[in-house]
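Engineer: Okay, here's the structure, questions in a sec.
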Amino acid sequence: STSSPQVNKNISRATFSIPLTRGSRGADVTALQTYLAQYSEIYPEAMITGYFGALTEKAVGKFQEKYNLSSQSDPAYGFVGPKTRAKLNSLQ
């Protein structure tokens, strides 16, 4: 039987529970990048590398601006702290 490709709804179903910042690596970063990559206006590069670099930091900042969590003048801008994690977890 031929099965049509399924959209994996679970792909971004990660619970973000630790702080993530530039230089972070691992499965949490991969999950974050996978989630953000769904939104071309937030993360047009859509690079899923497991490494939190400048592009991921910029994407997190855009996500924070979209949901009024942070602004570029805020020290938390581009940092996945408690407020950003709570918003990410609530949207999935």
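Identifiers for the structure tokens are assigned positionally: chains receive A, B, ... in sequence, residues are indexed from 1 per chain, and ligands are indexed from 1 in the order shown.
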Residues of segment 47-86 of chain A classed as alpha helix (DSSP H) by DSSP on the backbone are to be reported as a PyMOL selection string.
Structural biologist: chain A and resi 54-66+82-86
Engineer: Which residues are close to Thr49 of chain A, i.e. within 12 Å by only C-alpha atoms, leaving aside same-chain residues fewer than 3 positions away? Reply as a VMD selection string.
Structural biologist: chain A and resid 23 to 34 37 45 to 46 52 to 53 55 to 56
Engineer: What's around Ser17 of chain A at 12 Å? Count only C-alpha atoms, leave out sequence neighbours fewer than 2 positions away in its own chain, and write the answer as a ChimeraX atom specification.
Structural biologist: /A:14-15,19-20,27-29,31-32,80-89
Engineer: Give me, please, the distance in Å between atom CA of Thr21 of chain A and atom CA of Glu57 of chain A, quoted to one decimal.
Structural biologist: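 The value is 7.3 Å.
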Engineer: Tell me, in Å to one decimal, how far atom CA of Met47 of chain A is from atom CA of Asp74 of chain A.
Structural biologist: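 These atoms are spaced 25.0 Å apart.
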